[in-house]
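The next block is my_file07.txt, given as compact mmCIF, C-alpha atoms.
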```txt
# COMPACT_ATOMS: atom_id res chain seq x y z
CA MET A 8 98.34 10.22 2.04
CA THR A 9 95.11 11.89 3.17
CA ASP A 10 94.15 14.94 1.14
CA VAL A 11 93.00 17.04 4.12
CA LEU A 12 93.50 16.47 7.84
CA ILE A 13 90.89 18.24 9.97
CA VAL A 14 91.65 18.82 13.64
CA GLY A 15 88.52 19.35 15.72
CA SER A 16 85.03 17.87 15.34
CA GLY A 17 82.79 20.76 16.31
CA PRO A 18 80.37 22.29 13.79
CA THR A 19 83.21 23.91 11.82
CA GLY A 20 85.33 20.79 11.42
CA LEU A 21 82.34 18.55 10.69
CA THR A 22 80.97 20.97 8.08
CA LEU A 23 84.36 21.14 6.38
CA ALA A 24 84.64 17.35 6.39
CA CYS A 25 81.21 17.04 4.74
CA GLU A 26 82.09 19.71 2.17
CA LEU A 27 85.23 17.86 1.13
CA ALA A 28 83.92 14.30 1.34
CA LEU A 29 80.99 15.20 -0.92
CA ARG A 30 83.53 16.38 -3.51
CA GLY A 31 85.34 13.05 -3.36
CA ILE A 32 88.28 14.44 -1.39
CA ALA A 33 89.89 12.11 1.16
CA VAL A 34 89.54 13.57 4.65
CA ARG A 35 90.60 12.47 8.11
CA ILE A 36 89.17 14.16 11.20
CA LEU A 37 90.85 14.03 14.62
CA ASP A 38 89.64 15.20 18.01
CA GLY A 39 91.50 15.21 21.31
CA ARG A 40 88.33 14.60 23.33
CA SER A 41 87.22 11.13 24.42
CA GLY A 42 83.94 11.39 22.51
CA PRO A 43 81.00 13.64 21.57
CA HIS A 44 79.53 16.07 24.10
CA LEU A 45 75.86 16.66 24.96
CA GLU A 46 76.07 20.39 25.80
CA SER A 47 73.74 22.93 24.19
CA ARG A 48 76.48 25.58 23.69
CA GLY A 49 75.49 27.40 20.48
CA LYS A 50 71.78 26.99 19.85
CA GLY A 51 70.69 28.74 16.67
CA LEU A 52 71.23 28.31 12.91
CA ASN A 53 70.60 31.22 10.58
CA PRO A 54 69.33 30.89 6.99
CA GLY A 55 72.87 31.02 5.58
CA SER A 56 73.96 28.01 7.64
CA LEU A 57 70.79 26.14 6.73
CA GLU A 58 71.58 26.72 3.04
CA VAL A 59 75.02 25.18 3.57
CA PHE A 60 73.54 22.18 5.38
CA ALA A 61 70.87 21.73 2.70
CA ARG A 62 73.61 21.46 0.07
CA LEU A 63 75.44 18.95 2.28
CA GLY A 64 72.33 16.83 2.77
CA ALA A 65 72.07 17.44 6.53
CA ALA A 66 69.43 20.18 6.82
CA GLY A 67 66.51 17.74 6.87
CA ARG A 68 67.87 15.95 9.93
CA MET A 69 68.32 19.27 11.73
CA SER A 70 64.90 20.64 10.79
CA ALA A 71 63.28 17.47 12.12
CA ILE A 72 64.84 18.19 15.54
CA GLY A 73 64.85 21.98 15.74
CA THR A 74 62.15 24.57 16.36
CA ARG A 75 61.23 27.59 14.24
CA GLY A 76 59.41 30.74 15.28
CA LEU A 77 59.92 30.41 19.02
CA VAL A 78 58.72 33.58 20.74
CA LEU A 79 61.03 35.53 23.03
CA ARG A 80 59.01 36.46 26.12
CA LYS A 81 60.44 39.34 28.17
CA TYR A 82 59.81 40.17 31.80
CA PHE A 83 60.70 43.02 34.13
CA ASP A 84 60.74 42.40 37.88
CA GLY A 85 58.79 39.21 37.22
CA ALA A 86 56.03 40.86 35.17
CA HIS A 87 55.52 39.98 31.50
CA ILE A 88 56.21 43.07 29.35
CA ASN A 89 56.23 41.90 25.72
CA ASP A 90 56.74 39.10 23.23
CA THR A 91 59.11 39.25 20.26
CA PRO A 92 59.45 36.80 17.35
CA SER A 93 62.86 35.13 17.47
CA GLY A 94 63.53 35.43 13.73
CA ASP A 95 63.70 33.10 10.77
CA GLY A 96 66.42 30.76 11.98
CA LEU A 97 66.25 27.29 13.51
CA LEU A 98 66.58 26.80 17.26
CA ILE A 99 68.69 23.69 17.87
CA GLY A 100 71.41 22.74 20.33
CA GLN A 101 74.99 22.61 19.09
CA TRP A 102 75.36 18.97 20.12
CA GLN A 103 72.33 18.17 17.96
CA VAL A 104 73.90 19.94 14.98
CA GLU A 105 77.08 17.97 15.50
CA GLU A 106 75.16 14.70 15.78
CA ALA A 107 73.38 15.34 12.46
CA LEU A 108 76.69 16.16 10.77
CA ARG A 109 78.35 13.03 12.18
CA GLU A 110 75.48 10.97 10.78
CA ARG A 111 75.93 12.62 7.37
CA LEU A 112 79.66 11.95 7.49
CA ALA A 113 79.01 8.31 8.35
CA ASP A 114 76.86 8.13 5.21
CA LEU A 115 79.94 9.36 3.34
CA GLY A 116 82.22 6.80 4.98
CA VAL A 117 84.00 9.19 7.36
CA ARG A 118 84.21 8.79 11.14
CA ILE A 119 85.86 10.91 13.81
CA GLU A 120 88.99 9.61 15.51
CA TYR A 121 88.79 10.58 19.20
CA GLN A 122 91.59 10.76 21.77
CA ALA A 123 93.87 11.99 19.00
CA GLN A 124 95.59 15.12 20.30
CA VAL A 125 97.92 16.91 17.87
CA VAL A 126 101.12 18.05 19.61
CA GLY A 127 103.35 18.87 16.66
CA ILE A 128 103.10 20.23 13.10
CA ALA A 129 105.72 20.13 10.37
CA GLN A 130 105.21 20.95 6.72
CA ASP A 131 107.11 20.88 3.46
CA THR A 132 106.32 21.62 -0.17
CA ALA A 133 104.39 18.35 -0.56
CA GLY A 134 102.29 18.23 2.60
CA VAL A 135 101.88 18.44 6.37
CA THR A 136 102.89 15.96 9.08
CA ALA A 137 100.94 16.09 12.33
CA ARG A 138 102.49 14.41 15.36
CA LEU A 139 100.02 13.00 17.90
CA ALA A 140 100.38 12.70 21.67
CA ASP A 141 100.46 8.89 21.44
CA GLY A 142 103.51 9.01 19.16
CA ARG A 143 101.74 8.42 15.85
CA SER A 144 102.15 10.69 12.85
CA VAL A 145 99.54 11.60 10.26
CA ARG A 146 100.48 12.83 6.80
CA ALA A 147 98.14 15.00 4.70
CA GLY A 148 98.28 17.40 1.79
CA TYR A 149 96.65 20.16 3.85
CA THR A 150 95.55 20.62 7.46
CA ALA A 151 92.67 22.62 8.91
CA GLY A 152 92.72 23.73 12.55
CA CYS A 153 89.06 23.73 13.64
CA ASP A 154 89.88 23.02 17.27
CA GLY A 155 88.27 25.93 19.10
CA GLY A 156 89.35 29.05 20.93
CA HIS A 157 92.24 27.27 22.67
CA SER A 158 93.39 25.86 19.33
CA SER A 159 96.51 23.75 19.58
CA ILE A 160 97.04 24.17 15.83
CA ARG A 161 97.06 27.97 16.08
CA LYS A 162 99.51 27.80 18.97
CA LEU A 163 101.78 25.32 17.17
CA LEU A 164 101.88 27.65 14.18
CA GLY A 165 102.73 30.62 16.40
CA ILE A 166 99.92 32.73 14.96
CA PRO A 167 99.07 35.65 17.30
CA PHE A 168 95.53 35.73 18.70
CA GLU A 169 95.10 39.45 19.22
CA GLY A 170 92.39 41.15 21.24
CA ARG A 171 91.27 41.29 24.85
CA THR A 172 89.76 39.28 27.67
CA ASP A 173 87.57 41.20 30.10
CA ALA A 174 87.84 39.46 33.45
CA THR A 175 85.20 41.78 34.96
CA GLU A 176 82.37 40.68 32.67
CA THR A 177 81.40 37.08 33.36
CA MET A 178 78.42 34.85 32.78
CA VAL A 179 77.29 31.46 34.03
CA ILE A 180 75.69 29.10 31.56
CA GLY A 181 74.35 25.58 31.65
CA ASP A 182 71.67 23.04 30.77
CA VAL A 183 68.98 22.26 33.37
CA ARG A 184 65.42 21.01 33.57
CA ALA A 185 62.73 23.43 34.77
CA PRO A 186 59.57 21.35 35.29
CA GLY A 187 56.47 23.55 35.10
CA LEU A 188 58.07 26.37 33.05
CA SER A 189 56.45 26.80 29.63
CA ARG A 190 58.54 25.46 26.77
CA ASP A 191 56.55 27.55 24.28
CA PHE A 192 58.75 30.57 24.97
CA TRP A 193 62.34 31.68 25.20
CA HIS A 194 62.23 33.51 28.54
CA GLN A 195 64.27 36.64 29.28
CA TRP A 196 64.06 38.37 32.66
CA PHE A 197 65.39 41.76 33.78
CA THR A 198 65.25 43.19 37.30
CA SER A 199 65.31 46.73 38.64
CA ASP A 200 68.51 45.97 40.55
CA GLY A 201 70.37 45.43 37.28
CA GLY A 202 70.09 41.67 36.78
CA GLY A 203 69.34 39.63 33.70
CA MET A 204 68.72 35.95 32.91
CA LEU A 205 67.71 33.81 29.94
CA LEU A 206 66.12 30.37 29.86
CA CYS A 207 65.77 28.83 26.41
CA PRO A 208 64.15 25.42 25.77
CA ILE A 209 66.40 23.08 23.78
CA PRO A 210 64.15 21.24 21.30
CA GLY A 211 63.83 17.49 21.50
CA THR A 212 64.89 17.51 25.16
CA GLU A 213 63.47 18.43 28.55
CA THR A 214 66.28 20.91 29.22
CA PHE A 215 66.60 24.66 29.09
CA GLN A 216 69.82 26.53 28.49
CA LEU A 217 70.30 29.05 31.31
CA GLN A 218 72.42 32.19 30.94
CA ALA A 219 72.84 34.76 33.69
CA SER A 220 75.28 37.05 35.41
CA PRO A 221 76.86 35.04 38.24
CA GLU A 222 76.14 35.48 41.92
CA PRO A 223 78.90 37.34 43.78
CA ASP A 224 80.45 35.89 46.92
CA GLU A 225 81.09 37.89 50.10
CA SER A 226 84.10 39.57 48.52
CA GLY A 227 82.30 40.37 45.30
CA GLU A 228 83.94 37.63 43.25
CA PRO A 229 81.68 35.52 40.99
CA LEU A 230 80.56 32.22 42.43
CA PRO A 231 81.17 29.16 40.23
CA PRO A 232 78.09 27.73 38.50
CA SER A 233 76.06 25.17 40.45
CA LEU A 234 72.47 23.97 40.55
CA GLU A 235 71.98 25.73 43.90
CA SER A 236 73.29 29.01 42.47
CA PHE A 237 71.15 28.62 39.35
CA GLN A 238 68.07 28.16 41.57
CA ARG A 239 68.83 31.32 43.54
CA LEU A 240 69.34 33.25 40.29
CA PHE A 241 66.05 31.92 38.93
CA ASP A 242 64.15 32.84 42.09
CA ARG A 243 65.66 36.33 42.04
CA HIS A 244 64.88 37.03 38.38
CA ALA A 245 61.79 35.01 37.47
CA ARG A 246 59.89 35.25 40.74
CA VAL A 247 57.81 32.21 39.76
CA PRO A 248 57.06 30.11 42.85
CA GLY A 249 57.10 26.34 42.63
CA ILE A 250 59.67 25.98 39.82
CA GLN A 251 62.59 23.86 40.95
CA LEU A 252 65.51 23.53 38.56
CA ALA A 253 66.91 20.02 38.31
CA ASP A 254 69.27 17.61 36.59
CA PRO A 255 72.09 19.87 35.42
CA THR A 256 73.92 18.22 32.52
CA TRP A 257 76.28 21.10 31.79
CA LEU A 258 77.60 23.88 34.03
CA SER A 259 80.08 26.44 32.76
CA ALA A 260 81.33 29.99 33.22
CA TRP A 261 82.23 32.41 30.46
CA ARG A 262 84.21 35.65 30.24
CA VAL A 263 84.03 38.26 27.50
CA ASN A 264 86.72 37.32 24.98
CA VAL A 265 87.27 39.35 21.80
CA ARG A 266 90.16 37.91 19.81
CA MET A 267 91.11 37.23 16.21
CA ALA A 268 94.01 35.43 14.57
CA THR A 269 96.28 37.79 12.64
CA ARG A 270 96.25 35.37 9.69
CA LEU A 271 94.27 32.29 8.71
CA ARG A 272 96.91 30.47 6.71
CA GLU A 273 100.45 29.29 7.33
CA GLY A 274 101.61 27.44 4.24
CA ARG A 275 99.43 24.35 3.94
CA VAL A 276 97.72 24.83 7.31
CA PHE A 277 94.53 26.86 7.80
CA LEU A 278 92.42 28.08 10.74
CA ALA A 279 88.63 28.18 10.86
CA GLY A 280 85.85 28.81 13.38
CA ASP A 281 86.73 29.62 16.99
CA ALA A 282 90.36 28.73 16.29
CA ALA A 283 90.40 31.88 14.17
CA HIS A 284 88.10 34.19 16.15
CA VAL A 285 86.25 34.36 19.49
CA HIS A 286 83.72 36.97 20.55
CA PRO A 287 80.81 37.76 22.89
CA ILE A 288 77.99 35.23 22.53
CA ALA A 289 75.32 37.89 21.86
CA GLY A 290 73.62 37.35 18.53
CA GLY A 291 74.37 33.66 18.14
CA LEU A 292 76.85 34.27 15.35
CA GLY A 293 79.72 32.03 16.46
CA MET A 294 78.51 28.63 15.27
CA ASN A 295 77.08 30.19 12.10
CA THR A 296 80.29 32.03 11.26
CA GLY A 297 82.26 28.81 11.74
CA VAL A 298 79.93 27.07 9.28
CA GLN A 299 80.56 29.82 6.72
CA ASP A 300 84.31 29.57 7.36
CA ALA A 301 84.12 25.85 6.65
CA ALA A 302 82.15 26.35 3.43
CA ALA A 303 84.70 28.89 2.18
CA LEU A 304 87.68 26.75 3.17
CA GLY A 305 86.09 23.74 1.49
CA ARG A 306 85.86 25.68 -1.76
CA THR A 307 89.47 26.81 -1.45
CA LEU A 308 90.89 23.38 -0.69
CA ALA A 309 88.81 21.69 -3.37
CA ALA A 310 90.10 24.18 -5.92
CA ALA A 311 93.69 23.57 -4.81
CA LEU A 312 93.32 19.79 -4.90
CA THR A 313 91.64 19.67 -8.31
CA GLY A 314 93.57 22.45 -10.03
CA PRO A 315 96.78 24.47 -9.76
CA ALA A 316 97.50 24.95 -6.03
CA SER A 317 98.91 28.45 -6.43
CA ASP A 318 99.39 30.81 -3.51
CA GLY A 319 96.75 33.03 -5.06
CA ALA A 320 94.18 30.23 -4.96
CA LEU A 321 95.09 29.29 -1.39
CA ASP A 322 95.00 32.91 -0.23
CA ALA A 323 91.39 33.25 -1.40
CA TYR A 324 90.11 31.79 1.87
CA GLU A 325 91.87 34.32 4.09
CA ALA A 326 90.93 37.17 1.77
CA GLU A 327 87.27 36.24 2.16
CA ARG A 328 87.05 35.21 5.80
CA LEU A 329 89.47 37.49 7.67
CA PRO A 330 87.33 40.60 6.95
CA ALA A 331 84.24 38.56 7.86
CA ALA A 332 85.84 37.72 11.21
CA ALA A 333 86.59 41.39 11.86
CA ASP A 334 82.95 42.28 11.08
CA LEU A 335 81.79 39.46 13.39
CA LEU A 336 83.79 40.82 16.31
CA ALA A 337 82.53 44.36 15.77
CA ASP A 338 78.92 43.16 15.48
CA THR A 339 78.94 40.92 18.55
CA VAL A 340 80.73 43.50 20.69
CA GLY A 341 78.01 46.02 19.77
CA ARG A 342 75.25 43.54 20.56
CA HIS A 343 76.83 42.64 23.88
CA GLU A 344 77.16 46.30 24.84
CA ARG A 345 73.49 46.92 24.07
CA VAL A 346 72.43 43.92 26.15
CA MET A 347 74.60 45.05 29.08
CA ALA A 348 73.20 48.58 28.78
CA ALA A 349 69.69 47.16 29.03
CA VAL A 350 70.67 45.26 32.17
CA ARG A 351 72.24 48.37 33.70
CA GLU A 352 69.25 50.56 32.78
CA PRO A 353 66.20 48.66 34.02
CA GLY A 354 63.06 48.81 31.94
CA ARG A 355 64.81 49.16 28.60
CA GLY A 356 63.98 46.52 26.01
CA THR A 357 66.79 44.52 24.52
CA GLU A 358 67.45 41.91 21.88
CA ALA A 359 68.16 38.36 22.90
CA GLY A 360 71.41 36.70 21.94
CA MET A 361 71.11 33.37 20.14
CA ALA A 362 74.39 31.81 21.10
```
Would you mind writing the file's structure down as structure tokens?
Amino acid sequence: MTDVLIVGSGPTGLTLACELALRGIAVRILDGRSGPHLESRGKGLNPGSLEVFARLGAAGRMSAIGTRGLVLRKYFDGAHINDTPSGDGLLIGQWQVEEALRERLADLGVRIEYQAQVVGIAQDTAGVTARLADGRSVRAGYTAGCDGGHSSIRKLLGIPFEGRTDATETMVIGDVRAPGLSRDFWHQWFTSDGGGMLLCPIPGTETFQLQASPEPDESGEPLPPSLESFQRLFDRHARVPGIQLADPTWLSAWRVNVRMATRLREGRVFLAGDAAHVHPIAGGLGMNTGVQDAAALGRTLAAALTGPASDGALDAYEAERLPAAADLLADTVGRHERVMAAVREPGRGTEAGMA
């Protein structure tokens, strides 16, 4: 029987798998997707996450790819207004973080099993049985749901995901090339008509991550993301002639979601990362908080597997990370509100959100 079954192979699940495998704990990691993605998604690691990855033996791979000290260049109505240091973290695309963690796991003899969707969970005093969509069953001592904001594990457990979704506040996001645009800066534009857009170079690639408020259609509804729409948004905000966006590899839309699981443990099953909390992307805290969740859960499960698995020991994870999730939501909501205020009040400076 596997010691720990991990469902989901994003940064949270991969970090947890490394934490446990390094301690000699048998792990199995499942993912319902067909394979890895190449989408920038989250794009910044803070010092706390880098400390975790250094202990896991993965920080060197990430530092070799990522960029430090990138300057945030701000513009208003196309004119450069100021430059701001982006902080002491590492700029790196989420897919690159995941790739480095998969490589570290391979060193430890662990590989992700794709196309393995969990559709049922049953547990007893000795362990957890996960039923897969293809009819197989997997038995483990403990299970960790690290499968994102739409977590099947959370839903199977019946754990409420309380909060709100604001359908009126939307954003388009994607990865595109912008030949001719300087990759020495993280560009942020504001316009006097209340618009805002970010273009951030993803290191080791020719792409930029684009974030912007979507274009409205004739009835005022947001248009879906497309290369043509991204180009119109760029022309409106940047006002830099001759730059033609190209080669979109990821196009997505996002709504403000502020939600948190009411509990992080149900018997021998735990939640971590976006499965436990979702929030506005301002501040770039999502991927980093998931990494810290994984580090804490790794400590908890290792203690339970190598010592008395009392409820007190198992409850330590929730006691530590549930308040951290509440603080995360409050922090990111405040950051998002300040960014939106800056967009609504042209000329105000604002902080950038490392997502």
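Straight-line separation from atom CA of Ser189 of chain A to atom CA of Arg75 of chain A: 16.1 Å.
Checking A:Leu163, A:Leu258, A:Leu29, A:Ala107 one by one against Val179 of chain A, counting all atoms listed in the file, you find the shortest gap at A:Leu258.
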So which one's closest to Pro18 of chain A, A:Gly280, A:Pro287, A:Gly42, A:Gly134? Using all atoms listed in the file, please. A:Gly280
Just give me the residues with any atom within 12 Å of (63.6, 39.1, 35.7), file coordinates, counting all atoms listed in the file, written as a short mmCIF file (atom, residue, chain, number, x, y, z; two decimals) with C-alpha atoms, in the frame of the given file.
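Final output, out27.cif:
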```cif
data_model
loop_
_atom_site.label_atom_id
_atom_site.label_comp_id
_atom_site.auth_asym_id
_atom_site.auth_seq_id
_atom_site.Cartn_x
_atom_site.Cartn_y
_atom_site.Cartn_z
CA ARG A 80 59.01 36.46 26.12
CA LYS A 81 60.44 39.34 28.17
CA TYR A 82 59.81 40.17 31.80
CA PHE A 83 60.70 43.02 34.13
CA ASP A 84 60.74 42.40 37.88
CA GLY A 85 58.79 39.21 37.22
CA ALA A 86 56.03 40.86 35.17
CA HIS A 87 55.52 39.98 31.50
CA ILE A 88 56.21 43.07 29.35
CA HIS A 194 62.23 33.51 28.54
CA GLN A 195 64.27 36.64 29.28
CA TRP A 196 64.06 38.37 32.66
CA PHE A 197 65.39 41.76 33.78
CA THR A 198 65.25 43.19 37.30
CA SER A 199 65.31 46.73 38.64
CA ASP A 200 68.51 45.97 40.55
CA GLY A 201 70.37 45.43 37.28
CA GLY A 202 70.09 41.67 36.78
CA GLY A 203 69.34 39.63 33.70
CA MET A 204 68.72 35.95 32.91
CA LEU A 205 67.71 33.81 29.94
CA LEU A 206 66.12 30.37 29.86
CA ALA A 219 72.84 34.76 33.69
CA SER A 220 75.28 37.05 35.41
CA LEU A 240 69.34 33.25 40.29
CA PHE A 241 66.05 31.92 38.93
CA ASP A 242 64.15 32.84 42.09
CA ARG A 243 65.66 36.33 42.04
CA HIS A 244 64.88 37.03 38.38
CA ALA A 245 61.79 35.01 37.47
CA ARG A 246 59.89 35.25 40.74
CA VAL A 247 57.81 32.21 39.76
CA VAL A 350 70.67 45.26 32.17
CA PRO A 353 66.20 48.66 34.02
CA GLY A 354 63.06 48.81 31.94
#
```
Give me, as CSV, each residue of segment 244-305 of chain A that comes within 12 Å of segment 142-151 of chain A, together with its shortest interatomic pair and the distance in Å at one decimal, counting all atoms listed in the file, with rows ordered by chain and rising residue number.
```
residue,atom,partner,partner_atom,distance
A:Leu271,CA,A:Ala151,CA,9.8
A:Arg272,CA,A:Ala151,CA,9.2
A:Glu273,CA,A:Thr150,CA,10.0
A:Gly274,CA,A:Tyr149,CA,8.8
A:Arg275,CA,A:Tyr149,CA,5.0
A:Val276,CA,A:Thr150,CA,4.7
A:Phe277,CA,A:Ala151,CA,4.8
A:Leu278,CA,A:Ala151,CA,5.8
A:Ala279,CA,A:Ala151,CA,7.1
A:Gly280,CA,A:Ala151,CA,10.2
A:Ala282,CA,A:Ala151,CA,9.9
A:Ala283,CA,A:Ala151,CA,10.9
A:Asp300,CA,A:Ala151,CA,11.0
A:Ala301,CA,A:Ala151,CA,9.4
A:Leu304,CA,A:Ala151,CA,8.7
A:Gly305,CA,A:Ala151,CA,10.0
```
What's around Ala113 of chain A at 12 Å? Count all atoms listed in the file, leave out sequence neighbours fewer than 3 positions away in its own chain, and write the answer as a list of chain:residue names. A:Leu21, A:Ala24, A:Cys25, A:Ala28, A:Leu29, A:Ala65, A:Glu106, A:Ala107, A:Leu108, A:Arg109, A:Glu110, A:Gly116, A:Val117, A:Arg118, A:Ile119
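In terms of minimum interatomic distance to Ala253 of chain A, A:Arg184 ranks closest within A:Arg62, A:Lys50, A:Arg184, A:Arg35, counting all atoms listed in the file.
You can rank A:Val78, A:Val59, A:Ala268, A:Ala185 by their closest distance to Asp254 of chain A using only C-alpha atoms, and at the top of that list sits A:Ala185.
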Close residues, Trp261 of chain A itself excluded, 7 Å, all atoms listed in the file, min 2 positions apart in chain, as a ChimeraX atom specification: /A:177-179,259,263
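The coordinates place atom CA of Phe215 of chain A at 10.7 Å from atom CA of Phe192 of chain A.
The spacing separating atom CA of Pro208 of chain A from atom CA of Leu230 of chain A amounts to 24.4 Å.
With only C-alpha atoms as the atoms that count, the residue of A:Leu79, A:Gln299, A:Pro232, A:Thr132 with the shortest distance to Tyr324 of chain A is A:Gln299.
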Please identify all polymer residues within 6 Å of Leu52 of chain A, counting all atoms listed in the file, omitting same-chain residues fewer than 4 positions from it, and present them as a ChimeraX atom specification. /A:56,96-97
